[in-house]
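Inspection log for the structure reproduced underneath, given as structure tokens.
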Amino acid sequence: MAVINTALQDNVGTITFNDPEHRNMLSGALIDEMLQSIGALQKGRMRVLVIRAPKGAKVWSAGHDVHELPLPGRDPLSYHDPLVTVLRSIQSLPIPVIAMIEGSVWGGACDLALSCDILIGCPTSSFCMTPAKIGVPYNVSGILHFMNIMGVNFAKEMFFTAEPLSAEQASKAGLLNHLVEAEQLEEFTYSMAHKITRNSPLSIGVIKEQIRLLASAHPLSPLTFERVQGLRRTVYDSKDYAEGIKAFLEKRPPVFTGE
């Protein structure tokens, strides 16, 4: 069974998560279907893409599939990781991508939502960044992404506490462009999408790429980059990383020792 559904109407493409049994977890299979669907929708003259969960969903996406994280000793978010690959694809897509957020958003799904250009939520929306709960060292590009959107201190609190941000808090932190009532969410989202389709796709594509390049224009010296990678390796080589994954799979609270 397909774990996403796709549609294209009036130049607006839609990808709808369709794996409620696994809370729309970003598994390798779901991400592969997403990437294939994005390619197919582009061939159909899509000018805007909406990413959403089914109407009434309690969970937009539960994030990275922890079952697919590598064992200790390997970077869990390397350049070619499926999640990192789909984030780059969304960010570099030369059309606007709208995340229509109904329900909770967890872990790597927060990064997926923030990789979209416009986020529209409702009162049931919430965002929780969970790597510290399972001992995962988040990657450099991902952390910079959060800092650019919500600022350093909000990003610190979100990562350090691993507690959910409510829809209202997310709106104040700058994660959501718009916060609307649940019954208005779909109409509001697609009304905006159709407004965008009436503007110049070439102009929008170039502006989006300029914004992406400027937002990521933070050069690091080779020494600084090597230090960051070394810091991250101390985590994914650690006992805490192994304990975090083991505890998650055993459905119990982890016992971290800082080793």
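If you're wondering about the labels, chains in the structure tokens are A, B, ... by order shown, residues count from 1 in each chain, ligands from 1 in order shown.
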
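When the distance limit is 10 Å and only C-alpha atoms are what count, the residues near A:Ala29, minus those fewer than 3 positions from it on the same chain, are Ala2, Val3, Ile4, Met25, Leu26, Asp32, Glu33, Met34 and Pro82 of chain A.
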
Selected residues written out, N, CA and C atoms, as a PDB file, in the first residue's frame:
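result-v5.pdb, freshly written:
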ATOM      1  N   ALA A   2       0.498   2.237  -0.797  1.00  0.00           N
ATOM      2  CA  ALA A   2       1.253   3.486  -0.852  1.00  0.00           C
ATOM      3  C   ALA A   2       1.172   4.194   0.488  1.00  0.00           C
ATOM      4  N   VAL A   3       2.285   4.766   0.916  1.00  0.00           N
ATOM      5  CA  VAL A   3       2.311   5.471   2.200  1.00  0.00           C
ATOM      6  C   VAL A   3       2.158   6.977   2.019  1.00  0.00           C
ATOM      7  N   ILE A   4       1.991   7.426   0.777  1.00  0.00           N
ATOM      8  CA  ILE A   4       1.577   8.803   0.510  1.00  0.00           C
ATOM      9  C   ILE A   4       0.569   8.775  -0.631  1.00  0.00           C
ATOM     10  N   MET A  25       5.433   8.185   9.914  1.00  0.00           N
ATOM     11  CA  MET A  25       6.866   8.243  10.182  1.00  0.00           C
ATOM     12  C   MET A  25       7.640   8.390   8.875  1.00  0.00           C
ATOM     13  N   LEU A  26       8.742   9.142   8.930  1.00  0.00           N
ATOM     14  CA  LEU A  26       9.541   9.397   7.728  1.00  0.00           C
ATOM     15  C   LEU A  26      10.507   8.240   7.492  1.00  0.00           C
ATOM     16  N   ASP A  32      11.185   7.754  -0.143  1.00  0.00           N
ATOM     17  CA  ASP A  32      11.380   7.360  -1.543  1.00  0.00           C
ATOM     18  C   ASP A  32      10.135   7.679  -2.368  1.00  0.00           C
ATOM     19  N   GLU A  33       8.962   7.401  -1.811  1.00  0.00           N
ATOM     20  CA  GLU A  33       7.726   7.733  -2.519  1.00  0.00           C
ATOM     21  C   GLU A  33       7.576   9.246  -2.687  1.00  0.00           C
ATOM     22  N   MET A  34       7.959   9.996  -1.654  1.00  0.00           N
ATOM     23  CA  MET A  34       7.896  11.460  -1.754  1.00  0.00           C
ATOM     24  C   MET A  34       8.763  11.980  -2.891  1.00  0.00           C
ATOM     25  N   PRO A  82      18.373   9.342   3.934  1.00  0.00           N
ATOM     26  CA  PRO A  82      17.133   9.673   3.216  1.00  0.00           C
ATOM     27  C   PRO A  82      16.453  10.941   3.711  1.00  0.00           C
TER      28      PRO A  82
END

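The list of residues with at least one atom within 10 Å of A:Ser61, based on only C-alpha atoms and without residues fewer than 2 positions apart in the same chain, reads Phe17, Asp19, Pro20, His22, Arg23, Asn24, Met25, Leu26, Arg52, Ala53, Ala57, Lys58, Val59, Gly63, His64, Ile101, Glu102, Gly103, Ser104, Val105, Trp106, Gly107, Gly108, Ala109, Cys110, Leu112 and Ala113 of chain A.
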
Would you put the residues from that selection into a file with N, CA, C and O atoms, as a short mmCIF file (atom, residue, chain, number, x, y, z; two decimals), in the first residue's frame?
data_model
loop_
_atom_site.label_atom_id
_atom_site.label_comp_id
_atom_site.auth_asym_id
_atom_site.auth_seq_id
_atom_site.Cartn_x
_atom_site.Cartn_y
_atom_site.Cartn_z
N PHE A 17 0.47 12.51 3.48
CA PHE A 17 0.97 11.33 4.19
C PHE A 17 -0.18 10.34 4.39
O PHE A 17 -1.30 10.73 4.73
N ASP A 19 0.19 6.97 6.13
CA ASP A 19 0.69 5.82 6.90
C ASP A 19 0.29 5.98 8.37
O ASP A 19 1.14 6.07 9.25
N PRO A 20 -1.02 6.02 8.65
CA PRO A 20 -1.46 6.28 10.02
C PRO A 20 -1.00 5.20 11.01
O PRO A 20 -0.81 5.50 12.19
N HIS A 22 1.83 3.92 11.32
CA HIS A 22 3.15 4.30 11.83
C HIS A 22 3.23 5.80 12.07
O HIS A 22 4.33 6.36 12.11
N ARG A 23 2.09 6.45 12.21
CA ARG A 23 2.01 7.89 12.51
C ARG A 23 2.78 8.72 11.47
O ARG A 23 3.44 9.69 11.78
N ASN A 24 2.67 8.29 10.21
CA ASN A 24 3.31 9.00 9.10
C ASN A 24 4.81 9.20 9.34
O ASN A 24 5.39 10.25 9.00
N MET A 25 5.43 8.18 9.91
CA MET A 25 6.87 8.24 10.18
C MET A 25 7.64 8.39 8.87
O MET A 25 7.27 7.82 7.85
N LEU A 26 8.74 9.14 8.93
CA LEU A 26 9.54 9.40 7.73
C LEU A 26 10.51 8.24 7.49
O LEU A 26 11.72 8.36 7.61
N ARG A 52 0.88 17.67 3.42
CA ARG A 52 -0.12 17.64 4.48
C ARG A 52 -0.33 16.22 5.00
O ARG A 52 0.16 15.25 4.42
N ALA A 53 -1.07 16.13 6.09
CA ALA A 53 -1.59 14.87 6.59
C ALA A 53 -3.08 14.82 6.24
O ALA A 53 -3.67 15.83 5.86
N ALA A 57 -6.08 14.60 11.16
CA ALA A 57 -4.96 13.82 11.70
C ALA A 57 -4.53 14.34 13.07
O ALA A 57 -4.47 15.54 13.30
N LYS A 58 -4.23 13.42 13.98
CA LYS A 58 -3.69 13.77 15.28
C LYS A 58 -2.18 14.00 15.21
O LYS A 58 -1.61 14.76 15.99
N VAL A 59 -1.53 13.30 14.25
CA VAL A 59 -0.08 13.41 14.07
C VAL A 59 0.19 13.74 12.61
O VAL A 59 -0.19 12.98 11.71
N GLY A 63 8.18 11.84 12.52
CA GLY A 63 9.60 12.10 12.31
C GLY A 63 10.38 10.90 11.82
O GLY A 63 9.84 9.93 11.31
N HIS A 64 11.69 10.99 11.97
CA HIS A 64 12.63 9.97 11.49
C HIS A 64 12.29 8.62 12.10
O HIS A 64 11.96 8.52 13.28
N ILE A 101 -0.16 22.16 8.35
CA ILE A 101 0.11 21.40 9.57
C ILE A 101 -1.15 21.21 10.39
O ILE A 101 -1.70 22.16 10.96
N GLU A 102 -1.61 19.97 10.45
CA GLU A 102 -2.69 19.59 11.36
C GLU A 102 -2.17 18.42 12.19
O GLU A 102 -1.74 17.41 11.64
N GLY A 103 -2.16 18.57 13.50
CA GLY A 103 -1.62 17.53 14.36
C GLY A 103 -0.19 17.84 14.78
O GLY A 103 0.38 18.88 14.46
N SER A 104 0.39 16.90 15.51
CA SER A 104 1.73 17.10 16.08
C SER A 104 2.83 16.74 15.08
O SER A 104 2.66 15.88 14.22
N VAL A 105 3.94 17.42 15.23
CA VAL A 105 5.11 17.24 14.35
C VAL A 105 6.30 16.92 15.24
O VAL A 105 6.60 17.66 16.19
N TRP A 106 6.98 15.81 14.95
CA TRP A 106 8.02 15.30 15.84
C TRP A 106 9.36 15.17 15.13
O TRP A 106 9.42 14.75 13.97
N GLY A 107 10.43 15.49 15.87
CA GLY A 107 11.80 15.21 15.41
C GLY A 107 12.09 15.72 14.02
O GLY A 107 11.87 16.90 13.70
N GLY A 108 12.60 14.82 13.18
CA GLY A 108 13.00 15.21 11.83
C GLY A 108 11.86 15.76 11.00
O GLY A 108 12.10 16.48 10.02
N ALA A 109 10.61 15.45 11.37
CA ALA A 109 9.48 16.02 10.65
C ALA A 109 9.38 17.52 10.88
O ALA A 109 8.85 18.25 10.04
N CYS A 110 9.88 18.01 12.03
CA CYS A 110 9.96 19.46 12.24
C CYS A 110 10.87 20.08 11.19
O CYS A 110 10.57 21.14 10.62
N LEU A 112 11.54 18.84 8.28
CA LEU A 112 10.84 18.75 7.00
C LEU A 112 9.84 19.90 6.86
O LEU A 112 9.79 20.57 5.81
N ALA A 113 9.07 20.15 7.90
CA ALA A 113 8.09 21.24 7.86
C ALA A 113 8.79 22.58 7.66
O ALA A 113 8.37 23.41 6.84
#

With 12 Å as the cut-off and only C-alpha atoms counted, what is the closest atom pair between each nearby residue of stretch 106-153 of chain A and stretch 191-213 of chain A? Distances in Å to one decimal, ordered by chain and number, as CSV.
residue,atom,partner,partner_atom,distance
A:Ser115,CA,A:Arg212,CA,10.2
A:Cys116,CA,A:Lys208,CA,10.9
A:Asp117,CA,A:Lys208,CA,8.4
A:Ile118,CA,A:Met192,CA,10.0
A:Leu119,CA,A:Met192,CA,11.3
A:Ile120,CA,A:Met192,CA,10.1
A:His145,CA,A:Arg212,CA,10.3
A:Asn148,CA,A:Arg212,CA,10.8
A:Ile149,CA,A:Arg212,CA,11.9

Exercise. Which of stretch 27-238 of chain A counts as strand (DSSP E or B) under DSSP, as a PyMOL selection string please?
Worked result: chain A and resi 48-52+59-61+64+97-101+104-106+118-121+126-128+165-166+178-179

Any chance you could export the current selection's N, CA, C and O atoms as a short mmCIF file (atom, residue, chain, number, x, y, z; two decimals), in the first residue's frame?
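Dumped everything to result-v5.cif:
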data_model
loop_
_atom_site.label_atom_id
_atom_site.label_comp_id
_atom_site.auth_asym_id
_atom_site.auth_seq_id
_atom_site.Cartn_x
_atom_site.Cartn_y
_atom_site.Cartn_z
N VAL A 48 2.98 25.02 -7.31
CA VAL A 48 3.01 25.07 -5.85
C VAL A 48 2.81 23.64 -5.35
O VAL A 48 2.04 22.88 -5.94
N LEU A 49 3.50 23.30 -4.26
CA LEU A 49 3.33 21.98 -3.65
C LEU A 49 2.83 22.16 -2.22
O LEU A 49 3.38 22.96 -1.46
N VAL A 50 1.79 21.41 -1.86
CA VAL A 50 1.28 21.39 -0.50
C VAL A 50 1.59 20.02 0.11
O VAL A 50 1.29 18.99 -0.50
N ILE A 51 2.22 20.02 1.28
CA ILE A 51 2.49 18.78 2.00
C ILE A 51 1.61 18.76 3.24
O ILE A 51 1.61 19.72 4.03
N ARG A 52 0.88 17.67 3.42
CA ARG A 52 -0.12 17.64 4.48
C ARG A 52 -0.33 16.22 5.00
O ARG A 52 0.16 15.25 4.42
N VAL A 59 -1.53 13.30 14.25
CA VAL A 59 -0.08 13.41 14.07
C VAL A 59 0.19 13.74 12.61
O VAL A 59 -0.19 12.98 11.71
N TRP A 60 0.83 14.88 12.37
CA TRP A 60 1.24 15.22 10.99
C TRP A 60 2.32 14.25 10.55
O TRP A 60 2.21 13.62 9.51
N SER A 61 3.36 14.11 11.36
CA SER A 61 4.39 13.08 11.14
C SER A 61 5.18 12.88 12.42
O SER A 61 5.52 13.84 13.11
N HIS A 64 11.69 10.99 11.97
CA HIS A 64 12.63 9.97 11.49
C HIS A 64 12.29 8.62 12.10
O HIS A 64 11.96 8.52 13.28
N VAL A 97 6.76 25.65 -1.56
CA VAL A 97 6.22 24.46 -0.89
C VAL A 97 5.53 24.93 0.39
O VAL A 97 6.13 25.63 1.21
N ILE A 98 4.27 24.55 0.54
CA ILE A 98 3.49 24.94 1.72
C ILE A 98 3.28 23.71 2.60
O ILE A 98 2.82 22.67 2.12
N ALA A 99 3.63 23.82 3.87
CA ALA A 99 3.32 22.76 4.84
C ALA A 99 2.00 23.12 5.50
O ALA A 99 1.88 24.16 6.16
N MET A 100 1.00 22.27 5.31
CA MET A 100 -0.30 22.45 5.95
C MET A 100 -0.31 21.55 7.18
O MET A 100 -0.40 20.34 7.07
N ILE A 101 -0.16 22.16 8.35
CA ILE A 101 0.11 21.40 9.57
C ILE A 101 -1.15 21.21 10.39
O ILE A 101 -1.70 22.16 10.96
N SER A 104 0.39 16.90 15.51
CA SER A 104 1.73 17.10 16.08
C SER A 104 2.83 16.74 15.08
O SER A 104 2.66 15.88 14.22
N VAL A 105 3.94 17.42 15.23
CA VAL A 105 5.11 17.24 14.35
C VAL A 105 6.30 16.92 15.24
O VAL A 105 6.60 17.66 16.19
N TRP A 106 6.98 15.81 14.95
CA TRP A 106 8.02 15.30 15.84
C TRP A 106 9.36 15.17 15.13
O TRP A 106 9.42 14.75 13.97
N ILE A 118 6.42 28.03 3.38
CA ILE A 118 5.33 28.64 4.13
C ILE A 118 4.69 27.57 4.99
O ILE A 118 4.40 26.47 4.52
N LEU A 119 4.48 27.88 6.28
CA LEU A 119 3.85 26.93 7.20
C LEU A 119 2.53 27.51 7.68
O LEU A 119 2.49 28.64 8.18
N ILE A 120 1.47 26.73 7.52
CA ILE A 120 0.14 27.15 7.95
C ILE A 120 -0.37 26.10 8.92
O ILE A 120 -0.44 24.92 8.59
N GLY A 121 -0.70 26.53 10.13
CA GLY A 121 -1.12 25.60 11.16
C GLY A 121 -2.48 25.93 11.73
O GLY A 121 -3.11 26.93 11.36
N SER A 126 1.47 21.18 16.77
CA SER A 126 2.53 21.33 17.78
C SER A 126 3.82 20.80 17.18
O SER A 126 3.80 20.01 16.24
N PHE A 127 4.94 21.26 17.74
CA PHE A 127 6.25 20.91 17.20
C PHE A 127 7.16 20.48 18.35
O PHE A 127 7.31 21.20 19.33
N CYS A 128 7.79 19.33 18.20
CA CYS A 128 8.68 18.83 19.25
C CYS A 128 9.96 18.28 18.62
O CYS A 128 9.90 17.38 17.78
N LEU A 165 6.24 22.57 21.37
CA LEU A 165 5.76 23.94 21.26
C LEU A 165 4.32 23.87 20.78
O LEU A 165 4.02 23.21 19.78
N SER A 166 3.43 24.55 21.47
CA SER A 166 2.04 24.60 21.03
C SER A 166 1.94 25.43 19.75
O SER A 166 2.89 26.12 19.36
N HIS A 178 1.01 31.39 9.45
CA HIS A 178 -0.38 31.68 9.77
C HIS A 178 -0.91 30.60 10.71
O HIS A 178 -0.58 29.42 10.57
N LEU A 179 -1.74 31.03 11.65
CA LEU A 179 -2.42 30.12 12.56
C LEU A 179 -3.91 30.37 12.39
O LEU A 179 -4.41 31.45 12.69
#

Problem set entry | Exercise: stretch 150-153 of chain A partners within 7 Å, only C-alpha atoms, chain neighbours under 3 positions left out, as a PyMOL selection string | chain A and resi 146-147+156-157+173-175

Problem set entry | DSSP alpha helix (DSSP H) selection over stretch 145-210 of chain A, as a VMD selection string | chain A and resid 145 to 150 152 to 161 167 to 172 182 to 197 201 to 210

Now that the selection is made, can you save its residues with C-alpha atoms as a short mmCIF file (atom, residue, chain, number, x, y, z; two decimals), in the first residue's frame?
data_model
loop_
_atom_site.label_atom_id
_atom_site.label_comp_id
_atom_site.auth_asym_id
_atom_site.auth_seq_id
_atom_site.Cartn_x
_atom_site.Cartn_y
_atom_site.Cartn_z
CA HIS A 145 18.09 25.91 9.66
CA PHE A 146 16.28 26.24 13.01
CA MET A 147 18.47 29.17 14.07
CA ASN A 148 17.70 31.06 10.85
CA ILE A 149 13.95 30.65 11.27
CA MET A 150 13.31 30.95 15.00
CA VAL A 152 19.18 31.17 18.60
CA ASN A 153 17.47 31.16 22.00
CA PHE A 154 14.19 29.64 20.80
CA ALA A 155 16.20 26.97 18.96
CA LYS A 156 18.23 26.22 22.11
CA GLU A 157 15.10 25.81 24.21
CA MET A 158 13.44 23.59 21.63
CA PHE A 159 16.47 21.29 21.33
CA PHE A 160 17.47 21.29 25.02
CA THR A 161 14.03 20.60 26.53
CA ALA A 167 0.56 26.18 17.93
CA GLU A 168 0.46 29.56 19.67
CA GLN A 169 4.07 29.25 20.83
CA ALA A 170 5.16 28.14 17.35
CA SER A 171 3.44 31.16 15.87
CA LYS A 172 5.20 33.51 18.29
CA ALA A 182 -8.95 23.81 11.96
CA GLU A 183 -12.12 24.08 9.87
CA GLN A 184 -10.52 26.90 7.85
CA LEU A 185 -7.12 25.28 7.38
CA GLU A 186 -7.68 23.57 4.05
CA GLU A 187 -9.55 26.47 2.43
CA PHE A 188 -6.98 29.01 3.66
CA THR A 189 -4.03 26.90 2.46
CA TYR A 190 -5.33 26.20 -1.03
CA SER A 191 -6.54 29.77 -1.47
CA MET A 192 -2.97 30.94 -0.86
CA ALA A 193 -1.59 28.23 -3.15
CA HIS A 194 -3.85 29.33 -6.01
CA LYS A 195 -2.88 32.98 -5.52
CA ILE A 196 0.76 31.97 -5.91
CA THR A 197 0.05 30.07 -9.16
CA PRO A 201 6.90 30.98 -11.74
CA LEU A 202 10.28 32.06 -13.13
CA SER A 203 10.46 35.07 -10.81
CA ILE A 204 9.36 33.02 -7.79
CA GLY A 205 11.88 30.26 -8.54
CA VAL A 206 14.77 32.70 -8.77
CA ILE A 207 13.72 34.59 -5.62
CA LYS A 208 13.37 31.32 -3.68
CA GLU A 209 16.87 30.23 -4.69
CA GLN A 210 18.34 33.64 -3.79
#

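For the pair atom CA of A:Cys122 and atom CA of A:Lys55, the interatomic distance is 11.7 Å.
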
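The coordinates place atom CA of A:Gly135 at 11.2 Å from atom CA of A:Ala162.
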
For this session: Using only C-alpha atoms, pick whichever of A:Met46, A:Val180, A:Ile15, A:Leu220 has the shortest atom-to-atom distance to A:Leu144.
Result: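 Closest to A:Leu144, using only C-alpha atoms: A:Leu220.
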
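With distances taken over only C-alpha atoms, A:Ala247 is the one residue among A:Ala247, A:Leu8, A:Val255, A:Ile95 lying closest to A:His67.
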
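Closest approach to A:Gln42 among A:Gln229, A:Ser221, A:Asn11, A:Thr85 is made by A:Asn11 (distances from only C-alpha atoms).
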
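Each of A:Glu21, A:Pro254, A:Gly39, A:Pro164 was checked against A:Thr6 using only C-alpha atoms; the smallest atom-to-atom distance is that of A:Gly39.
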
For this session: For A:Gly44, list every protein, DNA or RNA residue within 12 Å, evaluated using only C-alpha atoms, and leave out those in the same chain fewer than 6 positions away; present the list as number ranges by chain.
Result: A: 6-13, 37-38
